[in-house]
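What's in target-v6.pdb: PDB, C-alpha atoms
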```
ATOM      1  CA  MET A  30      -3.870  -0.194  13.132  1.00  0.00           C
ATOM      2  CA  ASP A  31      -4.781  -3.640  14.416  1.00  0.00           C
ATOM      3  CA  ILE A  32      -4.478  -6.690  12.166  1.00  0.00           C
ATOM      4  CA  GLU A  33      -5.569 -10.171  13.211  1.00  0.00           C
ATOM      5  CA  ILE A  34      -5.183 -13.084  10.779  1.00  0.00           C
ATOM      6  CA  LYS A  35      -6.135 -16.629  11.746  1.00  0.00           C
ATOM      7  CA  ASN A  36      -5.233 -19.737   9.757  1.00  0.00           C
ATOM      8  CA  LEU A  37      -5.386 -17.981   6.377  1.00  0.00           C
ATOM      9  CA  ASN A  38      -5.104 -20.106   3.245  1.00  0.00           C
ATOM     10  CA  LYS A  39      -5.230 -19.315  -0.454  1.00  0.00           C
ATOM     11  CA  THR A  40      -4.575 -21.652  -3.375  1.00  0.00           C
ATOM     12  CA  PHE A  41      -4.487 -21.150  -7.125  1.00  0.00           C
ATOM     13  CA  LYS A  42      -5.317 -24.548  -8.604  1.00  0.00           C
ATOM     14  CA  SER A  43      -2.517 -26.724  -7.202  1.00  0.00           C
ATOM     15  CA  PHE A  44      -0.347 -23.824  -5.992  1.00  0.00           C
ATOM     16  CA  HIS A  45      -0.621 -23.070  -2.273  1.00  0.00           C
ATOM     17  CA  ALA A  46       0.082 -19.320  -2.263  1.00  0.00           C
ATOM     18  CA  ILE A  47      -0.757 -18.602   1.416  1.00  0.00           C
ATOM     19  CA  LYS A  48      -0.244 -21.429   3.900  1.00  0.00           C
ATOM     20  CA  ASN A  49      -2.085 -21.369   7.209  1.00  0.00           C
ATOM     21  CA  LEU A  50      -0.846 -17.847   7.922  1.00  0.00           C
ATOM     22  CA  ASN A  51      -1.337 -16.312  11.360  1.00  0.00           C
ATOM     23  CA  LEU A  52      -0.609 -12.774  12.523  1.00  0.00           C
ATOM     24  CA  SER A  53      -1.573 -10.558  15.440  1.00  0.00           C
ATOM     25  CA  LEU A  54      -0.522  -6.883  15.439  1.00  0.00           C
ATOM     26  CA  LYS A  55      -1.770  -4.138  17.737  1.00  0.00           C
ATOM     27  CA  ASN A  56      -1.337  -0.374  17.421  1.00  0.00           C
ATOM     28  CA  ILE A  57       0.987  -0.479  14.399  1.00  0.00           C
ATOM     29  CA  ASN A  58       0.998   2.697  12.313  1.00  0.00           C
ATOM     30  CA  SER A  59       2.971   1.350   9.344  1.00  0.00           C
ATOM     31  CA  LEU A  60       3.672  -2.184   8.153  1.00  0.00           C
ATOM     32  CA  GLY A  61       6.258  -3.203   5.563  1.00  0.00           C
ATOM     33  CA  ILE A  62       5.915  -6.547   3.774  1.00  0.00           C
ATOM     34  CA  ILE A  63       9.062  -7.818   2.086  1.00  0.00           C
ATOM     35  CA  GLY A  64      10.373 -11.094   0.724  1.00  0.00           C
ATOM     36  CA  PRO A  65      11.419 -12.863  -2.483  1.00  0.00           C
ATOM     37  CA  SER A  66       9.348 -12.669  -5.656  1.00  0.00           C
ATOM     38  CA  GLY A  67       6.589 -15.261  -5.725  1.00  0.00           C
ATOM     39  CA  GLY A  68       6.671 -15.651  -1.960  1.00  0.00           C
ATOM     40  CA  GLY A  69       3.080 -14.532  -1.361  1.00  0.00           C
ATOM     41  CA  LYS A  70       3.394 -10.799  -0.622  1.00  0.00           C
ATOM     42  CA  SER A  71       1.075  -9.519  -3.328  1.00  0.00           C
ATOM     43  CA  THR A  72      -1.434 -12.302  -2.733  1.00  0.00           C
ATOM     44  CA  LEU A  73      -1.643 -11.361   0.931  1.00  0.00           C
ATOM     45  CA  LEU A  74      -2.051  -7.673   0.102  1.00  0.00           C
ATOM     46  CA  ARG A  75      -4.823  -8.385  -2.411  1.00  0.00           C
ATOM     47  CA  ILE A  76      -6.631 -10.391   0.245  1.00  0.00           C
ATOM     48  CA  LEU A  77      -6.220  -7.648   2.857  1.00  0.00           C
ATOM     49  CA  THR A  78      -7.613  -5.067   0.439  1.00  0.00           C
ATOM     50  CA  GLY A  79     -10.720  -7.149  -0.227  1.00  0.00           C
ATOM     51  CA  LEU A  80      -9.814  -7.713  -3.877  1.00  0.00           C
ATOM     52  CA  LEU A  81      -9.090 -11.437  -3.648  1.00  0.00           C
ATOM     53  CA  PRO A  82     -11.234 -13.926  -1.712  1.00  0.00           C
ATOM     54  CA  PHE A  83      -9.390 -16.493   0.401  1.00  0.00           C
ATOM     55  CA  ASP A  84     -10.120 -20.190   0.821  1.00  0.00           C
ATOM     56  CA  SER A  85     -10.198 -20.451   4.604  1.00  0.00           C
ATOM     57  CA  GLY A  86      -9.343 -18.521   7.752  1.00  0.00           C
ATOM     58  CA  GLU A  87     -10.381 -15.222   9.315  1.00  0.00           C
ATOM     59  CA  ILE A  88      -9.172 -11.640   8.957  1.00  0.00           C
ATOM     60  CA  TYR A  89      -9.922  -8.704  11.260  1.00  0.00           C
ATOM     61  CA  ILE A  90      -8.736  -5.189  10.435  1.00  0.00           C
ATOM     62  CA  ASN A  91      -9.206  -2.739  13.308  1.00  0.00           C
ATOM     63  CA  ASN A  92     -11.521  -5.297  14.909  1.00  0.00           C
ATOM     64  CA  LEU A  93     -13.786  -5.475  11.855  1.00  0.00           C
ATOM     65  CA  LYS A  94     -14.061  -8.836  10.128  1.00  0.00           C
ATOM     66  CA  VAL A  95     -13.197  -8.886   6.426  1.00  0.00           C
ATOM     67  CA  ASP A  96     -16.179 -10.793   5.078  1.00  0.00           C
ATOM     68  CA  PHE A  97     -16.551 -11.393   1.352  1.00  0.00           C
ATOM     69  CA  ASN A  98     -20.322 -11.139   1.179  1.00  0.00           C
ATOM     70  CA  ASP A  99     -21.394  -8.439  -1.265  1.00  0.00           C
ATOM     71  CA  LYS A 100     -22.456  -5.622   1.069  1.00  0.00           C
ATOM     72  CA  SER A 101     -19.798  -6.176   3.714  1.00  0.00           C
ATOM     73  CA  ILE A 102     -16.879  -6.186   1.309  1.00  0.00           C
ATOM     74  CA  LEU A 103     -18.130  -3.069  -0.520  1.00  0.00           C
ATOM     75  CA  ASP A 104     -18.393  -1.187   2.775  1.00  0.00           C
ATOM     76  CA  TYR A 105     -14.908  -2.349   3.725  1.00  0.00           C
ATOM     77  CA  ARG A 106     -13.391  -1.221   0.421  1.00  0.00           C
ATOM     78  CA  LYS A 107     -14.866   2.263   0.860  1.00  0.00           C
ATOM     79  CA  ASN A 108     -12.873   2.683   4.078  1.00  0.00           C
ATOM     80  CA  ILE A 109      -9.456   1.751   2.713  1.00  0.00           C
ATOM     81  CA  GLY A 110      -7.258   3.134  -0.038  1.00  0.00           C
ATOM     82  CA  VAL A 111      -5.151   1.169  -2.504  1.00  0.00           C
ATOM     83  CA  VAL A 112      -2.222   2.457  -4.563  1.00  0.00           C
ATOM     84  CA  PHE A 113      -1.374   0.069  -7.396  1.00  0.00           C
ATOM     85  CA  GLN A 114       1.782  -0.391  -9.421  1.00  0.00           C
ATOM     86  CA  SER A 115       0.049   0.741 -12.632  1.00  0.00           C
ATOM     87  CA  TYR A 116      -1.455   4.047 -11.367  1.00  0.00           C
ATOM     88  CA  ASN A 117      -5.011   3.220 -12.618  1.00  0.00           C
ATOM     89  CA  LEU A 118      -5.680   6.722 -13.901  1.00  0.00           C
ATOM     90  CA  PHE A 119      -8.401   7.370 -16.486  1.00  0.00           C
ATOM     91  CA  PRO A 120      -6.609   8.509 -19.666  1.00  0.00           C
ATOM     92  CA  HIS A 121      -9.475  10.779 -20.771  1.00  0.00           C
ATOM     93  CA  LEU A 122      -9.525  12.734 -17.484  1.00  0.00           C
ATOM     94  CA  THR A 123      -7.096  15.380 -16.239  1.00  0.00           C
ATOM     95  CA  ALA A 124      -5.049  14.880 -13.097  1.00  0.00           C
ATOM     96  CA  LEU A 125      -7.541  16.947 -11.091  1.00  0.00           C
ATOM     97  CA  GLN A 126     -10.523  15.071 -12.524  1.00  0.00           C
ATOM     98  CA  ASN A 127      -8.910  11.721 -11.721  1.00  0.00           C
ATOM     99  CA  ILE A 128      -8.499  12.811  -8.103  1.00  0.00           C
ATOM    100  CA  ILE A 129     -11.981  14.176  -7.502  1.00  0.00           C
ATOM    101  CA  LEU A 130     -14.029  11.578  -9.432  1.00  0.00           C
ATOM    102  CA  PRO A 131     -14.261   8.863  -6.717  1.00  0.00           C
ATOM    103  CA  LEU A 132     -14.587  11.442  -3.959  1.00  0.00           C
ATOM    104  CA  ASN A 133     -17.561  13.064  -5.671  1.00  0.00           C
ATOM    105  CA  LYS A 134     -19.286  10.112  -7.349  1.00  0.00           C
ATOM    106  CA  ILE A 135     -18.744   7.342  -4.790  1.00  0.00           C
ATOM    107  CA  HIS A 136     -18.439   9.238  -1.509  1.00  0.00           C
ATOM    108  CA  LYS A 137     -20.889  11.987  -2.519  1.00  0.00           C
ATOM    109  CA  VAL A 138     -18.661  14.861  -1.383  1.00  0.00           C
ATOM    110  CA  PRO A 139     -19.774  18.190  -2.918  1.00  0.00           C
ATOM    111  CA  ILE A 140     -17.667  19.097  -5.936  1.00  0.00           C
ATOM    112  CA  GLU A 141     -16.391  22.363  -4.407  1.00  0.00           C
ATOM    113  CA  LEU A 142     -15.016  20.511  -1.389  1.00  0.00           C
ATOM    114  CA  CYS A 143     -13.492  17.868  -3.673  1.00  0.00           C
ATOM    115  CA  ILE A 144     -11.619  20.524  -5.614  1.00  0.00           C
ATOM    116  CA  ASP A 145     -10.428  22.277  -2.464  1.00  0.00           C
ATOM    117  CA  LYS A 146      -9.111  19.040  -1.003  1.00  0.00           C
ATOM    118  CA  ALA A 147      -7.447  17.992  -4.268  1.00  0.00           C
ATOM    119  CA  ASN A 148      -5.768  21.395  -4.651  1.00  0.00           C
ATOM    120  CA  TYR A 149      -4.412  21.186  -1.092  1.00  0.00           C
ATOM    121  CA  TYR A 150      -2.581  17.929  -1.844  1.00  0.00           C
ATOM    122  CA  LEU A 151      -1.557  18.994  -5.354  1.00  0.00           C
ATOM    123  CA  LYS A 152       0.185  21.990  -3.819  1.00  0.00           C
ATOM    124  CA  LYS A 153       1.660  19.914  -0.977  1.00  0.00           C
ATOM    125  CA  PHE A 154       3.254  17.503  -3.441  1.00  0.00           C
ATOM    126  CA  ASN A 155       4.310  20.175  -5.964  1.00  0.00           C
ATOM    127  CA  LEU A 156       1.871  19.064  -8.654  1.00  0.00           C
ATOM    128  CA  PHE A 157      -0.554  21.982  -8.748  1.00  0.00           C
ATOM    129  CA  GLU A 158       0.820  23.287 -12.060  1.00  0.00           C
ATOM    130  CA  HIS A 159       0.100  19.861 -13.614  1.00  0.00           C
ATOM    131  CA  LYS A 160      -3.523  19.566 -12.436  1.00  0.00           C
ATOM    132  CA  ASP A 161      -5.024  20.148 -15.906  1.00  0.00           C
ATOM    133  CA  LYS A 162      -2.723  17.726 -17.703  1.00  0.00           C
ATOM    134  CA  TYR A 163      -3.856  14.334 -18.968  1.00  0.00           C
ATOM    135  CA  PRO A 164      -1.956  11.181 -17.923  1.00  0.00           C
ATOM    136  CA  ARG A 165      -0.235  10.963 -21.309  1.00  0.00           C
ATOM    137  CA  ASN A 166       1.450  14.291 -20.541  1.00  0.00           C
ATOM    138  CA  LEU A 167       2.659  13.263 -17.072  1.00  0.00           C
ATOM    139  CA  SER A 168       5.765  11.314 -16.088  1.00  0.00           C
ATOM    140  CA  GLY A 169       5.466   7.951 -14.352  1.00  0.00           C
ATOM    141  CA  GLY A 170       6.446   9.544 -11.066  1.00  0.00           C
ATOM    142  CA  GLN A 171       3.838  12.275 -11.461  1.00  0.00           C
ATOM    143  CA  MET A 172       1.106   9.743 -12.281  1.00  0.00           C
ATOM    144  CA  GLN A 173       1.955   7.674  -9.233  1.00  0.00           C
ATOM    145  CA  ARG A 174       1.846  10.756  -7.018  1.00  0.00           C
ATOM    146  CA  ILE A 175      -1.566  11.629  -8.478  1.00  0.00           C
ATOM    147  CA  SER A 176      -2.808   8.152  -7.547  1.00  0.00           C
ATOM    148  CA  ILE A 177      -1.493   8.649  -3.993  1.00  0.00           C
ATOM    149  CA  ILE A 178      -3.222  12.040  -3.763  1.00  0.00           C
ATOM    150  CA  ARG A 179      -6.470  10.450  -4.953  1.00  0.00           C
ATOM    151  CA  THR A 180      -6.223   7.945  -2.118  1.00  0.00           C
ATOM    152  CA  LEU A 181      -5.375  10.630   0.456  1.00  0.00           C
ATOM    153  CA  CYS A 182      -8.410  12.682  -0.561  1.00  0.00           C
ATOM    154  CA  LEU A 183     -10.668   9.721   0.216  1.00  0.00           C
ATOM    155  CA  GLU A 184      -9.550   9.958   3.862  1.00  0.00           C
ATOM    156  CA  SER A 185      -9.094   6.198   3.938  1.00  0.00           C
ATOM    157  CA  LYS A 186      -8.521   4.660   7.352  1.00  0.00           C
ATOM    158  CA  ILE A 187      -5.673   2.518   5.990  1.00  0.00           C
ATOM    159  CA  ILE A 188      -3.691   2.897   2.769  1.00  0.00           C
ATOM    160  CA  PHE A 189      -2.317  -0.210   1.047  1.00  0.00           C
ATOM    161  CA  LEU A 190       0.545   0.287  -1.411  1.00  0.00           C
ATOM    162  CA  ASP A 191       1.452  -2.526  -3.795  1.00  0.00           C
ATOM    163  CA  GLU A 192       5.074  -2.027  -4.875  1.00  0.00           C
ATOM    164  CA  PRO A 193       4.369   1.598  -5.853  1.00  0.00           C
ATOM    165  CA  THR A 194       7.803   2.155  -7.427  1.00  0.00           C
ATOM    166  CA  SER A 195       8.189  -1.087  -9.377  1.00  0.00           C
ATOM    167  CA  ALA A 196       6.832   0.348 -12.643  1.00  0.00           C
ATOM    168  CA  LEU A 197       8.983   3.477 -12.450  1.00  0.00           C
ATOM    169  CA  ASP A 198      12.348   4.440 -13.827  1.00  0.00           C
ATOM    170  CA  PRO A 199      14.930   4.791 -11.033  1.00  0.00           C
ATOM    171  CA  SER A 200      14.924   8.568 -11.555  1.00  0.00           C
ATOM    172  CA  PHE A 201      11.312   8.749 -10.325  1.00  0.00           C
ATOM    173  CA  THR A 202      11.637   6.318  -7.425  1.00  0.00           C
ATOM    174  CA  ARG A 203      12.954   8.774  -4.865  1.00  0.00           C
ATOM    175  CA  GLU A 204      10.130  11.277  -5.334  1.00  0.00           C
ATOM    176  CA  ILE A 205       7.522   8.559  -4.776  1.00  0.00           C
ATOM    177  CA  LEU A 206       9.245   7.223  -1.673  1.00  0.00           C
ATOM    178  CA  ASN A 207       9.504  10.715  -0.230  1.00  0.00           C
ATOM    179  CA  THR A 208       5.811  11.220  -0.971  1.00  0.00           C
ATOM    180  CA  ILE A 209       4.982   8.033   0.924  1.00  0.00           C
ATOM    181  CA  LEU A 210       7.140   9.165   3.827  1.00  0.00           C
ATOM    182  CA  SER A 211       4.922  12.230   4.074  1.00  0.00           C
ATOM    183  CA  LEU A 212       1.983   9.959   4.915  1.00  0.00           C
ATOM    184  CA  LYS A 213       3.348  10.038   8.448  1.00  0.00           C
ATOM    185  CA  ASP A 214       2.841  13.797   8.480  1.00  0.00           C
ATOM    186  CA  GLU A 215      -0.793  13.189   7.506  1.00  0.00           C
ATOM    187  CA  LYS A 216      -1.068  10.652  10.363  1.00  0.00           C
ATOM    188  CA  LYS A 217      -2.063   7.928   7.899  1.00  0.00           C
ATOM    189  CA  GLU A 218      -1.717   4.236   8.652  1.00  0.00           C
ATOM    190  CA  TYR A 219      -0.359   2.201   5.784  1.00  0.00           C
ATOM    191  CA  VAL A 220       0.762  -1.222   4.605  1.00  0.00           C
ATOM    192  CA  ILE A 221       3.362  -1.350   1.848  1.00  0.00           C
ATOM    193  CA  ILE A 222       4.941  -4.046  -0.285  1.00  0.00           C
ATOM    194  CA  THR A 223       8.280  -2.917  -1.657  1.00  0.00           C
ATOM    195  CA  HIS A 224      11.760  -4.044  -2.615  1.00  0.00           C
ATOM    196  CA  GLU A 225      13.195  -0.710  -1.470  1.00  0.00           C
ATOM    197  CA  LEU A 226      14.596  -2.026   1.788  1.00  0.00           C
ATOM    198  CA  ALA A 227      16.325   1.142   2.934  1.00  0.00           C
ATOM    199  CA  PHE A 228      12.961   2.850   2.595  1.00  0.00           C
ATOM    200  CA  VAL A 229      11.223   0.160   4.657  1.00  0.00           C
ATOM    201  CA  GLN A 230      13.826   0.566   7.350  1.00  0.00           C
ATOM    202  CA  LYS A 231      13.127   4.288   7.550  1.00  0.00           C
ATOM    203  CA  SER A 232       9.366   4.390   7.003  1.00  0.00           C
ATOM    204  CA  CYS A 233       7.795   1.296   8.609  1.00  0.00           C
ATOM    205  CA  GLU A 234       7.285   0.505  12.264  1.00  0.00           C
ATOM    206  CA  TYR A 235       6.951  -3.255  11.778  1.00  0.00           C
ATOM    207  CA  ILE A 236       8.169  -5.712   9.124  1.00  0.00           C
ATOM    208  CA  LEU A 237       6.938  -9.052   7.836  1.00  0.00           C
ATOM    209  CA  PHE A 238       9.215 -11.252   5.750  1.00  0.00           C
ATOM    210  CA  ILE A 239       7.127 -13.632   3.638  1.00  0.00           C
ATOM    211  CA  GLU A 240       8.470 -16.576   1.685  1.00  0.00           C
ATOM    212  CA  ASN A 241       6.790 -19.727   0.398  1.00  0.00           C
ATOM    213  CA  GLY A 242       3.408 -18.415   1.489  1.00  0.00           C
ATOM    214  CA  GLU A 243       4.409 -18.119   5.139  1.00  0.00           C
ATOM    215  CA  ILE A 244       5.698 -15.456   7.512  1.00  0.00           C
ATOM    216  CA  SER A 245       9.219 -16.629   8.184  1.00  0.00           C
ATOM    217  CA  HIS A 246      10.324 -13.544  10.137  1.00  0.00           C
ATOM    218  CA  LYS A 247       8.484 -10.656  11.779  1.00  0.00           C
ATOM    219  CA  ASP A 248       9.514  -7.964  14.223  1.00  0.00           C
ATOM    220  CA  TYR A 249       9.640  -4.279  14.926  1.00  0.00           C
ATOM    221  CA  THR A 250      11.865  -2.666  12.321  1.00  0.00           C
ATOM    222  CA  GLU A 251      14.853  -1.887  14.511  1.00  0.00           C
ATOM    223  CA  ASN A 252      14.917  -5.417  15.924  1.00  0.00           C
ATOM    224  CA  PHE A 253      14.412  -6.932  12.473  1.00  0.00           C
ATOM    225  CA  PHE A 254      17.426  -5.246  10.928  1.00  0.00           C
ATOM    226  CA  ASN A 255      19.565  -5.804  14.009  1.00  0.00           C
ATOM    227  CA  LYS A 256      18.966  -9.552  13.738  1.00  0.00           C
ATOM    228  CA  ILE A 257      19.455 -10.105  10.013  1.00  0.00           C
ATOM    229  CA  HIS A 258      23.041 -11.278  10.446  1.00  0.00           C
ATOM    230  CA  GLU A 259      21.730 -14.237  12.427  1.00  0.00           C
ATOM    231  CA  ASN A 260      20.054 -15.590   9.282  1.00  0.00           C
ATOM    232  CA  LYS A 261      22.125 -16.237   6.158  1.00  0.00           C
ATOM    233  CA  PHE A 262      19.151 -15.981   3.787  1.00  0.00           C
ATOM    234  CA  LEU A 263      17.974 -12.690   5.257  1.00  0.00           C
ATOM    235  CA  ASN A 264      21.507 -11.339   5.253  1.00  0.00           C
ATOM    236  CA  LYS A 265      21.754 -12.097   1.530  1.00  0.00           C
ATOM    237  CA  PHE A 266      18.305 -10.685   0.804  1.00  0.00           C
ATOM    238  CA  ILE A 267      18.782  -7.412   2.684  1.00  0.00           C
ATOM    239  CA  ASP A 268      21.001  -5.733   0.118  1.00  0.00           C
ATOM    240  CA  SER A 269      19.963  -2.203  -0.732  1.00  0.00           C
ATOM    241  CA  THR A 270      22.014   0.926  -1.400  1.00  0.00           C
ATOM    242  CA  LEU A 271      19.093   3.349  -1.710  1.00  0.00           C
ATOM    243  CA  THR A 272      19.245   6.294   0.671  1.00  0.00           C
ATOM    244  CA  ILE A 273      16.197   8.446   1.367  1.00  0.00           C
ATOM    245  CA  ASN A 274      17.012  12.071   2.205  1.00  0.00           C
TER     246      ASN A 274
END
```
Can you dump the structure from the file as C-alpha cells?
Amino acid sequence: MDIEIKNLNKTFKSFHAIKNLNLSLKNINSLGIIGPSGGGKSTLLRILTGLLPFDSGEIYINNLKVDFNDKSILDYRKNIGVVFQSYNLFPHLTALQNIILPLNKIHKVPIELCIDKANYYLKKFNLFEHKDKYPRNLSGGQMQRISIIRTLCLESKIIFLDEPTSALDPSFTREILNTILSLKDEKKEYVIITHELAFVQKSCEYILFIENGEISHKDYTENFFNKIHENKFLNKFIDSTLTIN
C-alpha cells in the first residue's frame, strides 16, 4: 500500500480539522492511526475513504489520485472497503443477506458465487450457524464481524476500519481484534483507527500519531514504541493493558 498526501487541509466552519498535512508511505501493509479524541483521526479516515471532500491538497492511494468528481470517486469507493463503528447492517436482512447484497447488486457477482464466498468467511470466523439470523438476534461482536466479512467478500484492495471496537462491550472487543488480525492471513492491506494500543503494536506495520489536525509522530511500529519514553505526552498517552492472544 502506497499513500501520498500533499498539503491536505480540511475545515469545518472556523475549525481547522486537518492542517496542511503531508505524508509519504511506500509498501506498507497495515497502518495504525492513533491520537487523542478530536485530534483529526476520523476526519482523515473519512477523507481517505472518499466519504468527505477536503478543501485543498492532493491524495494518491496506490498511485491513483483521489478525485472528488462524481465518476472518479464512485470508482474509487468500489475498490476499497470500510468497516464503521455502527456496523451498518440492514435490520430486515439476515446476516447472509447483508453480506451478499453489495457483492451481488453492486459488483454483479452471480448469486451462487456470492453465497459460496460468504459461507467460506462465515465458517472461518465461526459464524456459519448464525447466517440466517437478523441483526436484532446477534450480539454487537457478531454484527461487527458480519460487517468485516461483508468487506472481505468485496475483495477490496484496502480496508479502512474506523474504531471498530468503540461501540462494543469489552467482552466483545477481543473477538473483533482477533478477527482483524486474521486480515494478515488473507493478505489484506488495511488502515485502522483505534484506541486499542496493544493491538496496534501487534497488528500494524506503521503508526501515525495525530493531534491538533497534524501528524506529530510517525514511524515503523517497533521504532515508534521504542521511542515513546522520549516524549512525555506520548508516554502518558500510550497506556493500554489489553493483551491479544
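Proximity of A:Asn36, A:Asn148, A:Gln171, A:Thr223 to Leu74 (chain A), computed with only C-alpha atoms, is greatest for A:Thr223.
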Quick one: which region 75-133 of chain A residues come within 9 Å of region 46-50 of chain A, and what is the nearest atom pair for each with the distance in Å to one decimal, counting all atoms listed in the file, rows ordered by chain and ascending number, as CSV?
```
residue,atom,partner,partner_atom,distance
A:Phe83,CA,A:Ile47,CA,8.9
A:Ser85,CA,A:Asn49,CA,8.6
A:Gly86,CA,A:Asn49,CA,7.8
```
Skipping near chain neighbours, those fewer than 6 positions away, what residues fall within 12 Å of Ile135 (chain A) using all atoms listed in the file, listed as an mmCIF file with C-alpha atoms, in the coordinates of the input?
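Output contents, as saved in part19.cif:
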```cif
data_model
loop_
_atom_site.group_PDB
_atom_site.id
_atom_site.type_symbol
_atom_site.label_atom_id
_atom_site.label_comp_id
_atom_site.auth_asym_id
_atom_site.auth_seq_id
_atom_site.Cartn_x
_atom_site.Cartn_y
_atom_site.Cartn_z
ATOM 1 C CA LEU A 103 -18.130 -3.069 -0.520
ATOM 2 C CA ASP A 104 -18.393 -1.187 2.775
ATOM 3 C CA ARG A 106 -13.391 -1.221 0.421
ATOM 4 C CA LYS A 107 -14.866 2.263 0.860
ATOM 5 C CA ASN A 108 -12.873 2.683 4.078
ATOM 6 C CA ILE A 129 -11.981 14.176 -7.502
ATOM 7 C CA CYS A 143 -13.492 17.868 -3.673
ATOM 8 C CA LEU A 183 -10.668 9.721 0.216
#
```
### Task
Determine the residue membership of the PyMOL selection byres ((chain A and resi 52-66) around 7) for the file above and supply it as a ChimeraX atom specification.
/A:30-35,50-51,67-68,70,218-224,229,233-240
Those residues you just picked out, can you put them in a file as a PDB file, in the frame of the given file with C-alpha atoms?
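Result file part_30.pdb:
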```pdb
ATOM      1  CA  MET A  30      -3.870  -0.194  13.132  1.00  0.00           C
ATOM      2  CA  ASP A  31      -4.781  -3.640  14.416  1.00  0.00           C
ATOM      3  CA  ILE A  32      -4.478  -6.690  12.166  1.00  0.00           C
ATOM      4  CA  GLU A  33      -5.569 -10.171  13.211  1.00  0.00           C
ATOM      5  CA  ILE A  34      -5.183 -13.084  10.779  1.00  0.00           C
ATOM      6  CA  LYS A  35      -6.135 -16.629  11.746  1.00  0.00           C
ATOM      7  CA  LEU A  50      -0.846 -17.847   7.922  1.00  0.00           C
ATOM      8  CA  ASN A  51      -1.337 -16.312  11.360  1.00  0.00           C
ATOM      9  CA  GLY A  67       6.589 -15.261  -5.725  1.00  0.00           C
ATOM     10  CA  GLY A  68       6.671 -15.651  -1.960  1.00  0.00           C
ATOM     11  CA  LYS A  70       3.394 -10.799  -0.622  1.00  0.00           C
ATOM     12  CA  GLU A 218      -1.717   4.236   8.652  1.00  0.00           C
ATOM     13  CA  TYR A 219      -0.359   2.201   5.784  1.00  0.00           C
ATOM     14  CA  VAL A 220       0.762  -1.222   4.605  1.00  0.00           C
ATOM     15  CA  ILE A 221       3.362  -1.350   1.848  1.00  0.00           C
ATOM     16  CA  ILE A 222       4.941  -4.046  -0.285  1.00  0.00           C
ATOM     17  CA  THR A 223       8.280  -2.917  -1.657  1.00  0.00           C
ATOM     18  CA  HIS A 224      11.760  -4.044  -2.615  1.00  0.00           C
ATOM     19  CA  VAL A 229      11.223   0.160   4.657  1.00  0.00           C
ATOM     20  CA  CYS A 233       7.795   1.296   8.609  1.00  0.00           C
ATOM     21  CA  GLU A 234       7.285   0.505  12.264  1.00  0.00           C
ATOM     22  CA  TYR A 235       6.951  -3.255  11.778  1.00  0.00           C
ATOM     23  CA  ILE A 236       8.169  -5.712   9.124  1.00  0.00           C
ATOM     24  CA  LEU A 237       6.938  -9.052   7.836  1.00  0.00           C
ATOM     25  CA  PHE A 238       9.215 -11.252   5.750  1.00  0.00           C
ATOM     26  CA  ILE A 239       7.127 -13.632   3.638  1.00  0.00           C
ATOM     27  CA  GLU A 240       8.470 -16.576   1.685  1.00  0.00           C
TER      28      GLU A 240
END
```
Assuming the chain letters and numbering stay as they are in my file, what does the PyMOL selection byres ((chain A and resi 192) around 6) actually select? List them as a JSON list (two decimals) with C-alpha atoms, in the coordinates of the input.
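Here's the written file part_30.json:
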```json
[["chain", "number", "residue", "atom", "x", "y", "z"],
["A", 114, "GLN", "CA", 1.78, -0.39, -9.42],
["A", 191, "ASP", "CA", 1.45, -2.53, -3.80],
["A", 193, "PRO", "CA", 4.37, 1.60, -5.85],
["A", 194, "THR", "CA", 7.80, 2.15, -7.43],
["A", 195, "SER", "CA", 8.19, -1.09, -9.38],
["A", 222, "ILE", "CA", 4.94, -4.05, -0.28],
["A", 223, "THR", "CA", 8.28, -2.92, -1.66]]
```
### Query
How many Å separate CA of Ile109 (chain A) from CA of Leu81 (chain A)?
14.6 Å
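Among the candidates A:Thr180, A:Leu190, A:Thr123, A:Asn98, the residue lying nearest to Phe157 (chain A) is A:Thr123 (atoms considered: all atoms listed in the file).
Contact shell of Lys217 (chain A) at 10 Å (all atoms listed in the file; same-chain neighbours under 6 positions omitted): Met30, Asn58, Ser59, Leu181, Glu184, Ser185, Lys186, Ile187, Ile188, Ile209 and Ser211 of chain A.
A straight line drawn from CA of Arg179 (chain A) to CA of Leu132 (chain A) is 8.2 Å long.
If you measure from each of A:Glu243, A:Glu215, A:Asp99, A:Glu204 to Phe228 (chain A) using all atoms listed in the file, the closest one turns out to be A:Glu204.
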